[in-house]
$ cat query.pdb   # PDB, C-alpha atoms
ATOM      1  CA  MET A   1     -58.932   9.972  16.498
ATOM      2  CA  TYR A   2     -57.865   6.408  15.681
ATOM      3  CA  ARG A   3     -56.348   7.569  12.391
ATOM      4  CA  LYS A   4     -54.401  10.362  14.096
ATOM      5  CA  LEU A   5     -53.101   7.939  16.724
ATOM      6  CA  LYS A   6     -52.142   5.412  14.021
ATOM      7  CA  LEU A   7     -50.178   8.120  12.138
ATOM      8  CA  GLN A   8     -48.305   8.999  15.332
ATOM      9  CA  VAL A   9     -47.526   5.335  16.035
ATOM     10  CA  ASP A  10     -46.343   4.829  12.449
ATOM     11  CA  PHE A  11     -44.190   7.954  12.684
ATOM     12  CA  LEU A  12     -42.633   6.817  15.985
ATOM     13  CA  THR A  13     -42.096   3.267  14.679
ATOM     14  CA  LYS A  14     -40.348   4.550  11.562
ATOM     15  CA  HIS A  15     -38.056   6.838  13.552
ATOM     16  CA  TYR A  16     -37.476   4.197  16.215
ATOM     17  CA  THR A  17     -36.340   1.778  13.477
ATOM     18  CA  GLU A  18     -34.015   4.433  11.973
ATOM     19  CA  VAL A  19     -32.562   5.226  15.403
ATOM     20  CA  CYS A  20     -32.012   1.515  16.096
ATOM     21  CA  GLU A  21     -30.254   1.100  12.738
ATOM     22  CA  GLU A  22     -27.977   4.058  13.502
ATOM     23  CA  LEU A  23     -27.270   2.697  16.990
ATOM     24  CA  GLY A  24     -26.398  -0.662  15.434
ATOM     25  CA  LYS A  25     -23.925   1.062  13.106
ATOM     26  CA  CYS A  26     -22.442   2.955  16.065
ATOM     27  CA  ARG A  27     -22.117  -0.256  18.089
ATOM     28  CA  SER A  28     -20.485  -1.971  15.131
ATOM     29  CA  GLU A  29     -18.006   0.916  14.734
ATOM     30  CA  LYS A  30     -17.422   0.964  18.501
ATOM     31  CA  ASN A  31     -16.688  -2.789  18.479
ATOM     32  CA  LYS A  32     -14.333  -2.343  15.507
ATOM     33  CA  LEU A  33     -12.508   0.501  17.301
ATOM     34  CA  GLU A  34     -12.222  -1.593  20.468
ATOM     35  CA  VAL A  35     -10.676  -4.461  18.480
ATOM     36  CA  MET A  36      -8.197  -2.061  16.832
ATOM     37  CA  TYR A  37      -7.307  -0.558  20.225
ATOM     38  CA  GLU A  38      -6.737  -4.010  21.736
ATOM     39  CA  ASN A  39      -4.583  -5.013  18.757
ATOM     40  CA  LEU A  40      -2.505  -1.827  19.071
ATOM     41  CA  LEU A  41      -2.084  -2.418  22.810
ATOM     42  CA  SER A  42      -0.913  -5.971  22.148
ATOM     43  CA  LEU A  43       1.818  -4.520  19.905
ATOM     44  CA  ALA A  44       2.741  -1.673  22.229
ATOM     45  CA  PHE A  45       3.379  -4.005  25.166
ATOM     46  CA  ASN A  46       5.092  -6.755  23.190
ATOM     47  CA  ASP A  47       8.834  -6.807  23.882
ATOM     48  CA  MET A  48       9.480  -8.485  20.530
ATOM     49  CA  VAL A  49       8.136  -5.492  18.539
ATOM     50  CA  HIS A  50      11.177  -3.440  17.586
ATOM     51  CA  LYS A  51       9.678  -0.544  15.627
ATOM     52  CA  LEU A  52       6.303   0.519  14.260
ATOM     53  CA  LEU A  53       6.832   1.641  10.653
ATOM     54  CA  ALA A  54       3.436   2.739   9.362
ATOM     55  CA  LEU A  55      -0.311   2.936   9.849
ATOM     56  CA  PHE A  56      -2.367   3.208   6.658
ATOM     57  CA  THR A  57      -5.710   2.237   5.142
ATOM     58  CA  ILE A  58      -6.660   0.191   2.105
ATOM     59  CA  LYS A  59     -10.346   0.335   1.152
ATOM     60  CA  ASP A  60     -11.171   1.887   4.559
ATOM     61  CA  GLU A  61      -9.495  -0.986   6.425
ATOM     62  CA  PRO A  62      -6.652   0.030   8.773
ATOM     63  CA  TYR A  63      -3.311  -1.785   8.505
ATOM     64  CA  ILE A  64      -0.057  -1.594  10.431
ATOM     65  CA  VAL A  65       3.507  -2.475   9.432
ATOM     66  CA  TYR A  66       6.111  -3.176  12.093
ATOM     67  CA  ILE A  67       9.449  -4.859  12.689
ATOM     68  CA  TYR A  68       9.237  -7.874  14.959
ATOM     69  CA  ASN A  69      11.824 -10.120  16.541
ATOM     70  CA  PHE A  70      14.829  -7.859  15.941
ATOM     71  CA  ILE A  71      17.950  -9.890  16.757
ATOM     72  CA  HIS A  72      21.520  -8.608  16.699
ATOM     73  CA  ASN A  73      23.786 -11.517  15.739
ATOM     74  CA  GLY A  74      27.334 -10.242  16.067
ATOM     75  CA  ASP A  75      29.158  -7.180  14.845
ATOM     76  CA  CYS A  76      27.145  -6.271  11.773
ATOM     77  CA  LYS A  77      24.457  -8.923  11.296
ATOM     78  CA  PHE A  78      20.795  -8.449  12.160
ATOM     79  CA  ASP A  79      17.793 -10.736  11.686
ATOM     80  CA  MET A  80      14.250  -9.405  11.773
ATOM     81  CA  GLU A  81      10.752  -9.907  10.481
ATOM     82  CA  PHE A  82       8.644  -7.217   8.819
ATOM     83  CA  ILE A  83       4.950  -7.818   9.454
ATOM     84  CA  MET A  84       1.800  -6.240   8.024
ATOM     85  CA  LYS A  85      -1.496  -6.842   9.810
ATOM     86  CA  ARG A  86      -5.076  -5.647   9.459
ATOM     87  CA  LEU A  87      -5.852  -3.786  12.673
ATOM     88  CA  SER A  88      -9.599  -4.349  12.636
ATOM     89  CA  SER A  89      -9.282  -8.133  12.512
ATOM     90  CA  PRO A  90     -10.474  -9.814  15.728
ATOM     91  CA  ILE A  91      -7.771 -12.471  15.382
ATOM     92  CA  PHE A  92      -5.182  -9.897  14.191
ATOM     93  CA  GLU A  93      -3.794 -12.196  11.501
ATOM     94  CA  LYS A  94      -0.801 -11.423   9.314
ATOM     95  CA  THR A  95      -1.589  -9.966   5.912
ATOM     96  CA  ALA A  96       2.011 -10.123   4.706
ATOM     97  CA  TYR A  97       5.405 -10.768   6.269
ATOM     98  CA  ALA A  98       9.063 -10.952   5.303
ATOM     99  CA  ASP A  99      12.092 -12.487   6.972
ATOM    100  CA  ILE A 100      15.114 -10.214   6.651
ATOM    101  CA  GLU A 101      18.832 -10.491   7.264
ATOM    102  CA  ILE A 102      21.109  -7.441   7.255
ATOM    103  CA  LYS A 103      24.826  -7.896   6.917
ATOM    104  CA  ASN A 104      27.582  -5.589   5.624
ATOM    105  CA  ASN A 105      25.197  -2.873   4.371
ATOM    106  CA  CYS A 106      23.160  -5.424   2.408
ATOM    107  CA  LEU A 107      19.566  -6.311   3.260
ATOM    108  CA  LYS A 108      18.745  -9.864   2.224
ATOM    109  CA  ILE A 109      15.090 -10.796   1.890
ATOM    110  CA  ILE A 110      14.953 -14.460   2.917
ATOM    111  CA  ASN A 111      11.270 -14.634   2.028
ATOM    112  CA  ILE A 112       8.399 -12.256   1.472
ATOM    113  CA  ASP A 113       4.923 -13.714   1.673
ATOM    114  CA  ALA A 114       1.480 -12.217   1.243
ATOM    115  CA  CYS A 115      -1.211 -14.302   2.870
ATOM    116  CA  VAL A 116      -3.674 -13.175   0.187
ATOM    117  CA  PHE A 117      -2.347 -13.184  -3.379
ATOM    118  CA  ARG A 118      -2.773 -10.432  -5.984
ATOM    119  CA  CYS A 119      -4.037  -7.753  -3.563
ATOM    120  CA  GLY A 120      -0.910  -5.602  -3.357
ATOM    121  CA  PHE A 121       0.077  -6.503   0.208
ATOM    122  CA  GLY A 122       3.413  -8.078  -0.772
ATOM    123  CA  GLY A 123       4.293  -5.064  -2.921
ATOM    124  CA  LYS A 124       3.376  -2.609  -0.191
ATOM    125  CA  LEU A 125       5.500  -4.551   2.299
ATOM    126  CA  PHE A 126       8.413  -4.596  -0.172
ATOM    127  CA  ASP A 127       8.107  -0.794  -0.428
ATOM    128  CA  TYR A 128       8.327  -0.466   3.382
ATOM    129  CA  ILE A 129      11.356  -2.764   3.461
ATOM    130  CA  GLU A 130      13.051  -0.638   0.806
ATOM    131  CA  GLN A 131      12.136   2.562   2.673
ATOM    132  CA  TYR A 132      13.606   1.102   5.875
ATOM    133  CA  ALA A 133      16.793   0.101   4.023
ATOM    134  CA  ARG A 134      17.229   3.580   2.535
ATOM    135  CA  SER A 135      16.654   5.316   5.877
ATOM    136  CA  ASN A 136      19.270   3.068   7.491
ATOM    137  CA  GLU A 137      21.836   3.686   4.733
ATOM    138  CA  ILE A 138      21.774   0.125   3.455
ATOM    139  CA  LEU A 139      23.364  -0.032   0.017
ATOM    140  CA  SER A 140      21.521  -2.958  -1.591
ATOM    141  CA  LEU A 141      18.613  -5.373  -1.410
ATOM    142  CA  ARG A 142      19.156  -8.996  -2.423
ATOM    143  CA  GLY A 143      17.494 -12.350  -2.255
ATOM    144  CA  ASP A 144      17.036 -15.738  -3.847
ATOM    145  CA  ILE A 145      13.905 -16.466  -5.843
ATOM    146  CA  TYR A 146      12.261 -19.704  -4.765
ATOM    147  CA  GLU A 147      11.434 -21.682  -7.893
ATOM    148  CA  GLY A 148       8.616 -23.601  -6.171
ATOM    149  CA  THR A 149       6.726 -20.457  -5.169
ATOM    150  CA  PRO A 150       2.940 -20.931  -4.980
ATOM    151  CA  ILE A 151       2.345 -17.841  -7.153
ATOM    152  CA  GLY A 152       4.538 -19.202  -9.962
ATOM    153  CA  LEU A 153       8.131 -18.374 -10.828
ATOM    154  CA  ASP A 154       7.189 -15.998 -13.666
ATOM    155  CA  ASN A 155       4.868 -14.013 -11.369
ATOM    156  CA  LEU A 156       7.524 -13.758  -8.675
ATOM    157  CA  ILE A 157      10.156 -12.568 -11.169
ATOM    158  CA  ARG A 158       7.673  -9.953 -12.480
ATOM    159  CA  PHE A 159       7.015  -8.869  -8.881
ATOM    160  CA  TYR A 160      10.702  -8.125  -8.243
ATOM    161  CA  GLN A 161      11.165  -6.501 -11.660
ATOM    162  CA  LYS A 162       8.149  -4.278 -11.001
ATOM    163  CA  HIS A 163       9.941  -3.077  -7.867
ATOM    164  CA  GLY A 164      13.091  -2.182  -9.800
ATOM    165  CA  CYS A 165      15.127  -5.300  -9.063
ATOM    166  CA  GLU A 166      17.587  -6.883 -11.454
ATOM    167  CA  ILE A 167      17.103 -10.621 -11.951
ATOM    168  CA  TYR A 168      20.190 -12.839 -12.320
ATOM    169  CA  LYS A 169      21.261 -16.432 -11.723
ATOM    170  CA  ASN A 170      23.512 -17.461  -8.858
ATOM    171  CA  LYS A 171      24.690 -20.934  -7.877
ATOM    172  CA  PHE A 172      21.313 -21.673  -6.223
ATOM    173  CA  GLY A 173      19.110 -20.520  -9.131
ATOM    174  CA  PRO A 174      17.328 -17.250  -9.885
ATOM    175  CA  ALA A 175      17.962 -14.291  -7.586
ATOM    176  CA  PHE A 176      17.319 -10.556  -7.444
ATOM    177  CA  LYS A 177      19.271  -7.481  -6.425
ATOM    178  CA  LYS A 178      18.644  -3.767  -6.237
ATOM    179  CA  GLN A 179      21.244  -1.086  -5.613
ATOM    180  CA  LEU A 180      19.990   1.764  -3.417
ATOM    181  CA  ASN A 181      21.101   5.373  -3.529
ATOM    182  CA  THR A 182      21.093   6.432   0.093
ATOM    183  CA  ALA A 183      20.913  10.050   1.278
ATOM    184  CA  LYS A 184      24.686  10.200   1.868
ATOM    185  CA  GLU A 185      25.414   9.053  -1.691
ATOM    186  CA  SER A 186      23.155  11.644  -3.360
TER
END

$ encode --input "query.pdb" --output "structure tokens"
Amino acid sequence: MYRKLKLQVDFLTKHYTEVCEELGKCRSEKNKLEVMYENLLSLAFNDMVHKLLALFTIKDEPYIVYIYNFIHNGDCKFDMEFIMKRLSSPIFEKTAYADIEIKNNCLKIINIDACVFRCGFGGKLFDYIEQYARSNEILSLRGDIYEGTPIGLDNLIRFYQKHGCEIYKNKFGPAFKKQLNTAKES
């Protein structure tokens, strides 16, 4: 009888442990979903958020790209910030961001910065900036290349070349430009 009772206790203990592990996973997922929901709400009710551009995942982590702080400065000049954030982060930190100026059908990238280097966040953000420019019939992308960049000048030049930009020198130093074929031009 003792042996039979011990087998039942062992069986229940094993399954209890498995159930607790599964509940722990569910609680962890529930907490992660709650954080993502709170982060999305903070964006949805923020007057400074101009437009949500994309939701996507990288290695099962959800990210969002949006335009923040959209300012119209006169007839045809706009200033804005493109921001990429990891939704599941409790502190909802920036993963990458770019300061943008649009004037006379030209989008100027003042700076583009990935908070973690060599992970593809800067490139993905550049792609969303280019997509935004094309959809808004902007004819070119331009910007100066900061020689003191923390990733190294050669790496930054390769970054822009990888994204189809032409590198040239202006009066301030190295710069990049990319002509865009918008839908109306095709």

$ residues_around --input "query.pdb" --residues "region 137-154 of chain A" --least-positions-apart "5" --cutoff "10 Å" --atoms "all atoms listed in the file" --output "VMD selection string"
chain A and resid 100 to 113 117 to 118 129 to 132 159 to 160 165 to 170 172 to 185

$ atom_distance --input "query.pdb" --atom1 "CA of Ile67 (chain A)" --atom2 "CA of Arg158 (chain A)"
25.7 Å

$ residues_around --input "query.pdb" --residues "Ile58 (chain A)" --least-positions-apart "4" --cutoff "10 Å" --atoms "all atoms listed in the file" --output "VMD selection string"
chain A and resid 62 to 63 86 120 to 121

$ atom_distance --input "query.pdb" --atom1 "CA of Leu41 (chain A)" --atom2 "CA of Cys119 (chain A)"
27.0 Å

$ atom_distance --input "query.pdb" --atom1 "CA of Leu156 (chain A)" --atom2 "CA of Phe78 (chain A)"
25.3 Å

$ closest_residue --input "query.pdb" --among "A:Ser88, A:Ser135, A:Thr95, A:Asn69" --to "Val49 (chain A)" --atoms "only C-alpha atoms"
A:Asn69

$ closest_residue --input "query.pdb" --among "A:Ile71, A:Val65, A:Leu55, A:Leu87" --to "Tyr37 (chain A)" --atoms "only C-alpha atoms"
A:Leu87
